[in-house]
$ cat protein.cif   # mmCIF, C-alpha atoms
data_model
loop_
_atom_site.label_atom_id
_atom_site.label_comp_id
_atom_site.auth_asym_id
_atom_site.auth_seq_id
_atom_site.Cartn_x
_atom_site.Cartn_y
_atom_site.Cartn_z
CA GLY W 157 -30.27 -19.15 -9.88
CA ALA W 158 -29.54 -20.27 -13.40
CA PRO W 159 -25.84 -20.53 -14.40
CA VAL W 160 -24.32 -17.56 -16.20
CA PRO W 161 -21.27 -17.41 -18.49
CA VAL W 162 -17.96 -15.96 -17.28
CA LEU W 163 -14.43 -15.88 -18.67
CA VAL W 164 -11.74 -17.59 -16.58
CA ALA W 165 -7.98 -17.98 -16.95
CA ARG W 166 -6.87 -21.31 -18.46
CA GLY W 167 -3.67 -21.19 -16.41
CA TYR W 168 -1.48 -18.77 -14.48
CA ILE W 169 -1.21 -15.41 -16.31
CA ARG W 170 1.50 -12.93 -15.34
CA GLU W 171 0.86 -9.23 -14.93
CA GLY W 172 1.48 -7.26 -18.10
CA THR W 173 0.36 -10.11 -20.36
CA ILE W 174 -1.61 -9.18 -23.47
CA LEU W 175 -4.87 -11.06 -23.03
CA ARG W 176 -5.53 -13.33 -25.99
CA ASP W 177 -8.29 -15.85 -26.65
CA ALA W 178 -5.98 -18.83 -26.06
CA LEU W 179 -5.30 -17.71 -22.47
CA VAL W 180 -8.94 -17.82 -21.34
CA GLU W 181 -11.97 -20.08 -21.56
CA SER W 182 -15.68 -19.76 -20.99
CA SER W 183 -17.22 -21.26 -17.89
CA GLN W 184 -20.67 -21.45 -16.30
CA VAL W 185 -21.16 -20.42 -12.67
CA PRO W 186 -24.24 -19.79 -10.52
CA GLN W 187 -25.39 -16.18 -10.69
CA ALA W 188 -24.48 -15.71 -7.02
CA TYR W 189 -20.84 -16.66 -7.72
CA ARG W 190 -20.34 -14.31 -10.67
CA GLN W 191 -18.01 -11.56 -9.47
CA PRO W 192 -18.88 -7.91 -10.22
CA GLY W 193 -17.20 -6.76 -13.40
CA ALA W 194 -16.47 -10.28 -14.68
CA LEU W 195 -16.23 -10.59 -18.45
CA ALA W 196 -18.76 -12.94 -19.98
CA SER W 197 -17.59 -13.52 -23.56
CA ILE W 198 -14.36 -13.94 -25.46
CA ARG W 199 -15.69 -11.34 -27.90
CA GLU W 200 -15.13 -8.71 -25.20
CA LEU W 201 -11.35 -9.19 -25.51
CA SER W 202 -11.10 -7.99 -29.12
CA GLY W 203 -11.64 -4.68 -30.87
CA GLU W 204 -13.49 -4.01 -34.10
CA ARG W 205 -10.46 -5.09 -36.17
CA GLY W 206 -9.94 -8.27 -34.17
CA GLY W 207 -6.89 -7.07 -32.24
CA PRO W 208 -6.53 -7.52 -28.47
CA LEU W 209 -7.90 -4.77 -26.25
CA TYR W 210 -6.42 -5.54 -22.82
CA ALA W 211 -3.31 -6.42 -20.84
CA THR W 212 -3.40 -7.75 -17.30
CA ARG W 213 -2.62 -5.34 -14.46
CA ALA W 214 -2.23 -8.13 -11.90
CA PRO W 215 -1.45 -11.87 -11.99
CA LEU W 216 -4.37 -14.22 -12.58
CA ARG W 217 -4.60 -17.73 -11.17
CA ALA W 218 -5.87 -20.69 -13.17
CA GLY W 219 -9.67 -20.71 -13.05
CA GLU W 220 -9.87 -17.11 -11.80
CA GLN W 221 -12.65 -14.98 -13.30
CA ILE W 222 -11.44 -12.23 -15.65
CA LEU W 223 -12.38 -8.92 -14.04
CA GLY W 224 -12.32 -5.56 -15.78
CA THR W 225 -10.61 -4.06 -12.73
CA LYS W 226 -7.56 -6.28 -13.36
CA LEU W 227 -7.21 -5.25 -16.99
CA ALA W 228 -5.60 -2.24 -18.67
CA LEU W 229 -6.90 -0.94 -21.98
CA LEU W 230 -4.15 -1.01 -24.59
CA GLY W 231 -3.53 2.45 -26.00
CA GLY W 232 -5.80 4.06 -23.42
CA GLU W 233 -5.59 7.75 -22.58
CA SER W 234 -3.92 7.04 -19.26
CA GLY W 235 -0.85 5.85 -21.16
CA LEU W 236 1.91 3.84 -19.56
CA ALA W 237 0.85 4.57 -15.97
CA LEU W 238 -2.22 2.38 -16.43
CA LEU W 239 -0.04 -0.59 -17.34
CA VAL W 240 2.29 -0.40 -14.33
CA PRO W 241 1.37 -3.31 -12.02
CA GLU W 242 0.26 -2.47 -8.50
CA GLY W 243 3.21 -1.95 -6.16
CA ARG W 244 5.64 -1.37 -9.04
CA ARG W 245 7.27 1.65 -10.61
CA ALA W 246 8.16 2.30 -14.25
CA VAL W 247 11.89 2.94 -14.61
CA THR W 248 13.59 3.68 -17.94
CA VAL W 249 17.19 2.67 -18.56
CA SER W 250 19.48 3.10 -21.56
CA ILE W 251 20.94 -0.12 -22.94
CA PRO W 252 23.66 -0.43 -25.63
CA ARG W 253 21.85 -1.63 -28.73
CA PRO W 254 23.60 -5.04 -29.03
CA ALA W 255 22.92 -5.63 -25.32
CA GLY W 256 19.26 -4.67 -25.97
CA LEU W 257 18.76 -7.99 -27.81
CA ALA W 258 19.35 -6.42 -31.23
CA GLY W 259 15.78 -5.31 -31.84
CA PHE W 260 14.09 -8.58 -30.80
CA LEU W 261 12.99 -7.23 -27.42
CA GLN W 262 9.25 -6.46 -27.26
CA PRO W 263 6.99 -4.84 -24.67
CA GLY W 264 5.49 -7.61 -22.56
CA ASN W 265 8.68 -9.69 -22.55
CA SER W 266 10.41 -10.63 -19.32
CA VAL W 267 14.15 -10.03 -18.88
CA ASP W 268 16.98 -10.42 -16.44
CA VAL W 269 19.12 -7.32 -15.92
CA VAL W 270 22.88 -7.84 -15.65
CA ALA W 271 25.32 -5.08 -14.71
CA THR W 272 29.01 -5.22 -15.62
CA PHE W 273 31.66 -3.16 -13.85
CA GLU W 274 35.08 -2.23 -15.16
CA LYS W 275 38.28 -3.45 -13.61
CA GLY W 276 39.52 -1.18 -10.85
CA GLU W 277 43.00 -0.72 -9.43
CA ARG W 278 42.38 -3.47 -6.88
CA SER W 279 39.62 -5.49 -8.50
CA ASP W 280 38.87 -7.52 -11.63
CA PRO W 281 35.87 -6.89 -13.93
CA VAL W 282 32.67 -8.31 -12.49
CA ALA W 283 29.15 -9.09 -13.73
CA VAL W 284 26.19 -9.00 -11.32
CA THR W 285 22.58 -10.06 -11.91
CA VAL W 286 20.67 -7.06 -10.62
CA LEU W 287 17.07 -8.09 -11.41
CA ARG W 288 15.33 -11.34 -12.38
CA GLN W 289 12.22 -11.89 -14.52
CA THR W 290 11.47 -8.20 -14.92
CA LEU W 291 8.51 -7.10 -17.04
CA VAL W 292 9.30 -4.86 -20.03
CA LEU W 293 6.68 -2.12 -20.24
CA ALA W 294 8.10 -0.26 -23.22
CA VAL W 295 10.94 -0.25 -25.72
CA GLY W 296 11.50 3.32 -26.79
CA ARG W 297 8.07 4.83 -27.46
CA ALA W 298 6.56 1.42 -28.25
CA ALA W 299 4.60 0.62 -25.09
CA LEU W 300 2.92 -2.62 -24.10
CA GLY W 301 0.54 -3.56 -26.91
CA ALA W 302 1.82 -0.94 -29.35
CA ASN W 303 3.57 -3.57 -31.46
CA LEU W 304 0.15 -5.08 -32.16
CA VAL W 305 -1.61 -1.91 -33.29
CA GLY W 306 1.21 0.06 -34.91
CA ASP W 307 3.87 -0.36 -37.54
CA ALA W 308 6.50 -2.79 -36.23
CA ALA W 309 9.31 -1.16 -38.16
CA GLY W 310 8.34 2.26 -36.89
CA ALA W 311 8.18 0.97 -33.34
CA ALA W 312 11.66 -0.51 -33.62
CA GLU W 313 13.00 2.71 -35.09
CA SER W 314 11.48 4.77 -32.27
CA SER W 315 13.36 2.70 -29.69
CA ARG W 316 16.73 4.03 -30.82
CA LEU W 317 18.52 6.86 -29.08
CA MET W 318 20.58 8.30 -31.91
CA PRO W 319 24.20 8.76 -30.84
CA ALA W 320 26.52 11.67 -31.40
CA PRO W 321 29.46 10.96 -33.72
CA GLY W 322 31.77 8.44 -32.08
CA GLU W 323 29.24 7.45 -29.41
CA GLU W 324 27.48 4.11 -29.02
CA GLU W 325 23.88 3.69 -30.16
CA MET W 326 21.55 3.17 -27.21
CA VAL W 327 18.06 1.77 -26.70
CA SER W 328 15.68 3.04 -24.00
CA VAL W 329 13.85 0.26 -22.16
CA THR W 330 11.19 0.83 -19.50
CA LEU W 331 10.89 -1.84 -16.80
CA ALA W 332 8.32 -2.52 -14.05
CA VAL W 333 10.20 -2.77 -10.75
CA THR W 334 9.55 -2.47 -7.03
CA PRO W 335 10.74 0.72 -5.27
CA ARG W 336 13.64 -1.22 -3.75
CA GLN W 337 14.59 -2.70 -7.11
CA ALA W 338 14.49 0.80 -8.60
CA GLN W 339 17.23 1.82 -6.15
CA ALA W 340 19.43 -1.14 -7.10
CA LEU W 341 18.84 -0.48 -10.79
CA ALA W 342 19.72 3.21 -10.49
CA LEU W 343 22.93 2.38 -8.62
CA ALA W 344 23.94 -0.26 -11.18
CA ALA W 345 23.25 2.11 -14.08
CA ASP W 346 25.28 4.86 -12.43
CA ARG W 347 28.33 2.74 -11.65
CA GLY W 348 28.33 0.17 -14.44
CA ARG W 349 26.90 -0.92 -17.77
CA LEU W 350 23.52 -2.66 -18.09
CA HIS W 351 22.70 -5.66 -20.26
CA LEU W 352 19.46 -7.60 -20.76
CA SER W 353 18.87 -11.32 -21.18
CA LEU W 354 15.51 -12.55 -22.44
CA VAL W 355 13.56 -14.89 -20.15
CA PRO W 356 11.77 -17.80 -21.91
CA ALA W 357 8.00 -17.51 -22.12
CA GLY W 358 6.28 -19.56 -19.44
CA GLU W 359 9.26 -19.83 -17.10
CA ALA W 360 8.14 -20.47 -13.54
CA PRO W 361 8.24 -17.32 -11.38
CA VAL W 362 11.24 -17.02 -9.08
CA GLN W 363 11.26 -15.72 -5.54
CA GLU W 364 11.36 -11.92 -5.35
CA TRP W 365 14.84 -10.74 -6.37
CA PRO W 366 15.60 -7.40 -4.64
CA GLY W 367 18.95 -7.04 -6.34
CA PRO W 368 22.28 -6.13 -4.72
CA THR W 369 22.45 -2.75 -3.03
CA GLY W 370 26.09 -2.49 -2.04
CA MET W 371 27.69 -2.21 -5.46
#
$ encode --input "protein.cif" --output "structure tokens"
Amino acid sequence: GAPVPVLVARGYIREGTILRDALVESSQVPQAYRQPGALASIRELSGERGGPLYATRAPLRAGEQILGTKLALLGGESGLALLVPEGRRAVTVSIPRPAGLAGFLQPGNSVDVVATFEKGERSDPVAVTVLRQTLVLAVGRAALGANLVGDAAGAAESSRLMPAPGEEEMVSVTLAVTPRQAQALALAADRGRLHLSLVPAGEAPVQEWPGPTGM
């Protein structure tokens, strides 16, 4: 049959990525090769006000057709659960505000999680990388995509956990992790202090990092 238009990924797209025009391109394929649910036009990615509508729920390979089943609607009624990639769990941790990248951290970023442990009677202080290249689903109440449709200052303010007098200000950060990583993260948070380091955009994926379990 005659060729039909479809949207395809320009390059590799990680899960949890807000889908923008620059990440996709239009292609022509025979009708028989168009996958069910494939988007046909870049216009389908934007709302009435021109803002993005979707984030990816799964990784997309270069040249792969953009399917509605692999996209999550930003701000949809299903909330954060719809944005958790398949096989992952959403886990929220409290990070000291300076260690939370001082307000620069945004949903959709990727971070490494480092745990520090105090010096014991028979041991020196130690820092351990618990997780690598971990997707940030939310910072406070600002979930993936919220920074694009809401007030940025309000979103930053909502991320703060206001301390009691004399206590340290904390930031709640929700991460997408595997069930095994969730165990390592819970153990590190219970026994030590968590810090985040921002991963550069476009960094090549590393091999699955389960994190230490014997801390």
$ resolve_selection --input "protein.cif" --expression "the PyMOL selection byres ((chain W and resi 173) around 9)" --output "ChimeraX atom specification"
/W:169-172,174-176,210-213,215,264-265,300
$ write_last_selection --input "protein.cif" --atoms "C-alpha atoms" --output "PDB file, in the coordinates of the input"
ATOM      1  CA  ILE W 169      -1.210 -15.410 -16.310  1.00  0.00           C
ATOM      2  CA  ARG W 170       1.500 -12.930 -15.340  1.00  0.00           C
ATOM      3  CA  GLU W 171       0.860  -9.230 -14.930  1.00  0.00           C
ATOM      4  CA  GLY W 172       1.480  -7.260 -18.100  1.00  0.00           C
ATOM      5  CA  ILE W 174      -1.610  -9.180 -23.470  1.00  0.00           C
ATOM      6  CA  LEU W 175      -4.870 -11.060 -23.030  1.00  0.00           C
ATOM      7  CA  ARG W 176      -5.530 -13.330 -25.990  1.00  0.00           C
ATOM      8  CA  TYR W 210      -6.420  -5.540 -22.820  1.00  0.00           C
ATOM      9  CA  ALA W 211      -3.310  -6.420 -20.840  1.00  0.00           C
ATOM     10  CA  THR W 212      -3.400  -7.750 -17.300  1.00  0.00           C
ATOM     11  CA  ARG W 213      -2.620  -5.340 -14.460  1.00  0.00           C
ATOM     12  CA  PRO W 215      -1.450 -11.870 -11.990  1.00  0.00           C
ATOM     13  CA  GLY W 264       5.490  -7.610 -22.560  1.00  0.00           C
ATOM     14  CA  ASN W 265       8.680  -9.690 -22.550  1.00  0.00           C
ATOM     15  CA  LEU W 300       2.920  -2.620 -24.100  1.00  0.00           C
TER      16      LEU W 300
END
$ axis_aligned_box --input "protein.cif" --around "segment 282-298 of chain W" --padding-each-side "6 Å" --output "lines of an AutoDock Vina configuration file"
center_x = 19.6
center_y = -3.5
center_z = -19.4
size_x = 38.1
size_y = 28.7
size_z = 29.6
$ resolve_selection --input "protein.cif" --expression "the PyMOL selection byres ((chain W and resi 350) around 7)" --output "mmCIF file with C-alpha atoms, in the coordinates of the input"
data_model
loop_
_atom_site.group_PDB
_atom_site.id
_atom_site.type_symbol
_atom_site.label_atom_id
_atom_site.label_comp_id
_atom_site.auth_asym_id
_atom_site.auth_seq_id
_atom_site.Cartn_x
_atom_site.Cartn_y
_atom_site.Cartn_z
ATOM 1 C CA ILE W 251 20.940 -0.120 -22.940
ATOM 2 C CA VAL W 269 19.120 -7.320 -15.920
ATOM 3 C CA VAL W 270 22.880 -7.840 -15.650
ATOM 4 C CA ALA W 271 25.320 -5.080 -14.710
ATOM 5 C CA THR W 272 29.010 -5.220 -15.620
ATOM 6 C CA ALA W 345 23.250 2.110 -14.080
ATOM 7 C CA GLY W 348 28.330 0.170 -14.440
ATOM 8 C CA ARG W 349 26.900 -0.920 -17.770
ATOM 9 C CA HIS W 351 22.700 -5.660 -20.260
ATOM 10 C CA LEU W 352 19.460 -7.600 -20.760
#
$ closest_residue --input "protein.cif" --among "W:Thr334, W:Glu181, W:Val292, W:Pro161" --to "Glu242 of chain W" --atoms "only C-alpha atoms"
W:Thr334
$ residues_around --input "protein.cif" --residues "segment 192-196 of chain W" --least-positions-apart "6" --cutoff "6 Å" --atoms "only C-alpha atoms" --output "list in words"
Pro161, Val162, Leu163, Ile222, Leu223 and Gly224 of chain W
$ closest_residue --input "protein.cif" --among "W:Gln289, W:Gln184, W:Gln337, W:Ser328" --to "Leu354 of chain W" --atoms "all atoms listed in the file"
W:Gln289
$ atom_distance --input "protein.cif" --atom1 "atom CA of Asp268 of chain W" --atom2 "atom CA of Ala283 of chain W"
12.5 Å
$ resolve_selection --input "protein.cif" --expression "the PyMOL selection byres ((chain W and resi 332) around 6)" --output "mmCIF file with C-alpha atoms, in the frame of the given file"
data_model
loop_
_atom_site.group_PDB
_atom_site.id
_atom_site.type_symbol
_atom_site.label_atom_id
_atom_site.label_comp_id
_atom_site.auth_asym_id
_atom_site.auth_seq_id
_atom_site.Cartn_x
_atom_site.Cartn_y
_atom_site.Cartn_z
ATOM 1 C CA ARG W 244 5.640 -1.370 -9.040
ATOM 2 C CA ARG W 245 7.270 1.650 -10.610
ATOM 3 C CA ALA W 246 8.160 2.300 -14.250
ATOM 4 C CA LEU W 291 8.510 -7.100 -17.040
ATOM 5 C CA LEU W 331 10.890 -1.840 -16.800
ATOM 6 C CA VAL W 333 10.200 -2.770 -10.750
#
$ atom_distance --input "protein.cif" --atom1 "atom CA of Gly219 of chain W" --atom2 "atom CA of Ala237 of chain W"
27.5 Å
$ closest_residue --input "protein.cif" --among "W:Leu293, W:Ala342, W:Val329, W:Leu201" --to "Val240 of chain W" --atoms "all atoms listed in the file"
W:Leu293
$ atom_distance --input "protein.cif" --atom1 "atom CA of Gly167 of chain W" --atom2 "atom CA of Val247 of chain W"
28.8 Å
